[in-house]
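To start, the structure under review is shown below, and the notes come after it.
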Amino acid sequence: MRRFLDLLYDGSAWLAALAMVGVLLMVLLAIVSRQFGLHVAGTDAYAGYSMAAAGFLALAHTLKRNEHIRVTLLLGRLKGKAHHALEMWALTAGAALAGLFAFYSVRLAWVSLALNDISTGNDATPLWIPQLTMALGTVILLVALVDEWVLQLRGQRVVASSGEMLRNE
């Protein structure tokens with residue numbers, strides 16, 4: 001199971017990277033087409049869709065690599081059972097919120113498909129297509145948070161190191 005989950009998170013990160021390449025290609029296409037006096041419809045919209053896809057698809061991988069921003073002022077001072085309890089509370093709240101977000105993201109894509117909702121731009125893209133990446137990203141984030149919750153419950157979770165103090169940006 002661990003191997004499958006790691007592949008899921010890595011696959012999601014690769015899709016996010018491809019979406020970033022999509023942003024680059026759309027921006028370059030818009031720039032080059034303007035230089036030749038052409039207008040390619042939808043480049044702005046597709047760049048936006050790709051940017052949103054990159055953000056949502058990278059959430060789970062970022063969480064599993066301890067790269068999400070964490071406020072550890074209180075957590076850093078706690079030890080033992082209190083530390084474990086606060087971590088469990090935070091992961092439970094995060095999983096609950098991610099569950100709601102995933103549910104409503106999937107529902108949004110489903111309703112857009114059922115209503116044949118299209119974008120208002122010249123490209124008239126069916127909106128369920130870009131919304132699908134949001135739904136997929138939030139569902140994978142939910143899986144990652146539940147995974148972290150189970151690891152924390154078992155005492156196998158790797159907690160962010162104190163090296164985060166070195167990353168002052």
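Ligands are numbered from 1 in the order shown, chains are lettered A, B, ... in the order of the structure tokens, and residues start at 1 in each chain.
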
Write out as a PyMOL selection string which residues come within 12 Å of range 36-51 of chain A when counting only C-alpha atoms, dropping same-chain ones fewer than 6 positions away.
chain A and resi 15-30+57-58+119-134

What's the 12 Å shell around Arg157 in chain A, counting only C-alpha atoms, without same-chain residues fewer than 6 positions away, as JSON, numbers by chain? {"A": [64, 65, 66, 84, 87, 88, 91, 145, 146, 147, 148, 149, 150, 151]}

re CA of Phe103 in chain A and CA of Leu5 in chain A: distance 20.1 Å

Using only C-alpha atoms, the residue out of A:Ala109, A:Ala98, A:Leu153, A:Leu75 with shortest distance to Val139 in chain A is A:Ala98

- request: Go through range 13-167 of chain A and collect every residue that DSSP, computed from the backbone, puts in helix (DSSP H, G or I); the answer should be as a VMD selection string.
  value: chain A and resid 13 to 35 43 to 57 59 to 64 75 to 77 80 to 115 128 to 154 162 to 166

Nearest to Ala90 in chain A, restricted to only C-alpha atoms and choosing among A:Asp117, A:Ser112, A:Thr72, A:Ala54, comes out as A:Thr72

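Nearest to Gly55 in chain A of all the residues A:Arg34, A:Val143, A:Ala135, A:Phe4 is A:Ala135, based on only C-alpha atoms.
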